[in-house]
2 protein chains.
Amino acid sequence: MSNSIVTLAKTAFKDFQQGLATGEWEPFLERLTDDFTFWFPVGSYQGENVGKAKAKEFFNYVSQTAFPQGLSVTINRITNSENTVVFELKSEGELFSHPYINQVAISFDFRGDHICGYREYLGILYQIKPQA
Amino acid sequence: MSNSIVTLAKTAFKDFQQGLATGEWEPFLERLTDDFTFWFPVGSYQGENVGKAKAKEFFNYVSQTAFPQGLSVTINRITNSENTVVFELKSEGELFSHPYINQVAISFDFRGDHICGYREYLGILYQIKPQA
């Protein structure tokens, strides 16, 4: 069981990576439950957010506004329990046209083969500069 | 094997909790390898730090300077791989005399029954105010 959740999470993570890189979020969004909740540390989505519609809005914001050139992520480590998989990763791109690099931990909670929860933790604190 | 690393990590975590609550770090420090490395997101220890001596300095700084009243942590979730255990937790206390609350992910890497690596990720970004 432990192996199958990791396999499932890795497959879902590829769709997540593709979303970040290209802005095509549909394959990842299809993996979310309707009552999907996500927890984000900063900005207008700070704290807990509820619902797949809110998630769609958030991921489109990430791609269209924050990282229009795409964000590249590489996995450093994967750990898991029965229903949760944590990815420790490095992300790299341009945030609001400024060079951006971060170390991040992201948890996916699964219910069946769908993701019902997402929590993100940041490893490097950065200051978002206001846009010119 | 998976169970035993979680048991080991929970025991180590109690010493970590005690260190944060009371400033008594010796029991936790005894669990670290001499080449222990730790990765912290912010402040003068930002990035990777190497060595048990540096760790002792860091944890004493945390207790004596940052959280002299103690920091209380409660575990929300534990996930693990063969050698790594990730704790998602809530922390609460007074940082530099200001009310402080955070959601944090912390990874312990084990070599045998000792901790050789530590990485911390923050879930809420806060601004440290300069002391009056």
# chains A, B, ... in the order shown; residues from 1 in each chain; ligands from 1
$ closest_atom_pairs --of "chain A" --to "chain B" --cutoff "10 Å" --atoms "only C-alpha atoms" --output "tab-separated table"
residue	atom	partner	partner_atom	distance
A:Ser2	CA	B:Ser81	CA	9.8
A:Trp39	CA	B:Gly123	CA	8.5
A:Phe40	CA	B:Gly123	CA	7.2
A:Pro41	CA	B:Ile124	CA	4.6
A:Val42	CA	B:Leu125	CA	6.3
A:Gly43	CA	B:Leu125	CA	9.4
A:Gln46	CA	B:Ile124	CA	7.9
A:Gly47	CA	B:Ile124	CA	7.9
A:Arg77	CA	B:Thr84	CA	8.7
A:Ile78	CA	B:Ser81	CA	7.1
A:Thr79	CA	B:Ser81	CA	4.6
A:Asn80	CA	B:Thr79	CA	4.6
A:Ser81	CA	B:Thr79	CA	4.6
A:Glu82	CA	B:Thr79	CA	8.3
A:Asn83	CA	B:Thr79	CA	9.2
A:Thr84	CA	B:Thr79	CA	7.0
A:Val85	CA	B:Thr79	CA	7.1
A:Val86	CA	B:Thr79	CA	7.2
A:Phe87	CA	B:Val86	CA	9.9
A:Glu88	CA	B:Ser107	CA	9.2
A:Asn102	CA	B:Pro41	CA	9.8
A:Gln103	CA	B:Tyr121	CA	8.1
A:Val104	CA	B:Tyr121	CA	6.8
A:Ala105	CA	B:Tyr121	CA	6.6
A:Ile106	CA	B:Ala105	CA	9.1
A:Ser107	CA	B:Glu88	CA	9.2
A:Arg119	CA	B:Gly123	CA	8.3
A:Glu120	CA	B:Gly123	CA	6.6
A:Tyr121	CA	B:Gly123	CA	4.3
A:Leu122	CA	B:Tyr121	CA	5.0
A:Gly123	CA	B:Tyr121	CA	4.3
A:Ile124	CA	B:Pro41	CA	4.6
A:Leu125	CA	B:Pro41	CA	6.2
A:Tyr126	CA	B:Leu125	CA	9.2
A:Gln127	CA	B:Leu125	CA	9.9
$ select_by_dssp --residues "range 17-111 of chain A" --states "alpha helix (DSSP H)" --output "PyMOL selection string"
chain A and resi 17-22+26-29+52-61
$ atom_distance --atom1 "CA of Tyr118 in chain B" --atom2 "CA of Thr37 in chain B"
6.4 Å
$ select_by_dssp --residues "chain B" --states "strand (DSSP E)" --output "MDAnalysis selection string"
chainID B and resid 32:40 47:50 71:80 84:95 98:111 114:122
$ closest_residue --among "A:Ser63, A:Thr74, A:Thr7, A:Ser97" --to "Thr22 in chain A" --atoms "only C-alpha atoms"
A:Ser63
$ residues_around --residues "Lys14 in chain B" --least-positions-apart "3" --cutoff "12 Å" --atoms "only C-alpha atoms" --output "count of residues only"
20
$ atom_distance --atom1 "CA of Phe16 in chain A" --atom2 "CA of Ile101 in chain B"
29.3 Å
$ atom_distance --atom1 "CA of Gly93 in chain A" --atom2 "CA of Asn76 in chain A"
17.0 Å
$ residues_around --residues "Ala55 in chain A" --least-positions-apart "2" --cutoff "8 Å" --atoms "only C-alpha atoms" --output "list in words"
Leu29, Phe36, Thr37, Phe38, Asn49, Val50, Gly51, Lys52, Ala53, Glu57, Phe58 and Phe59 of chain A
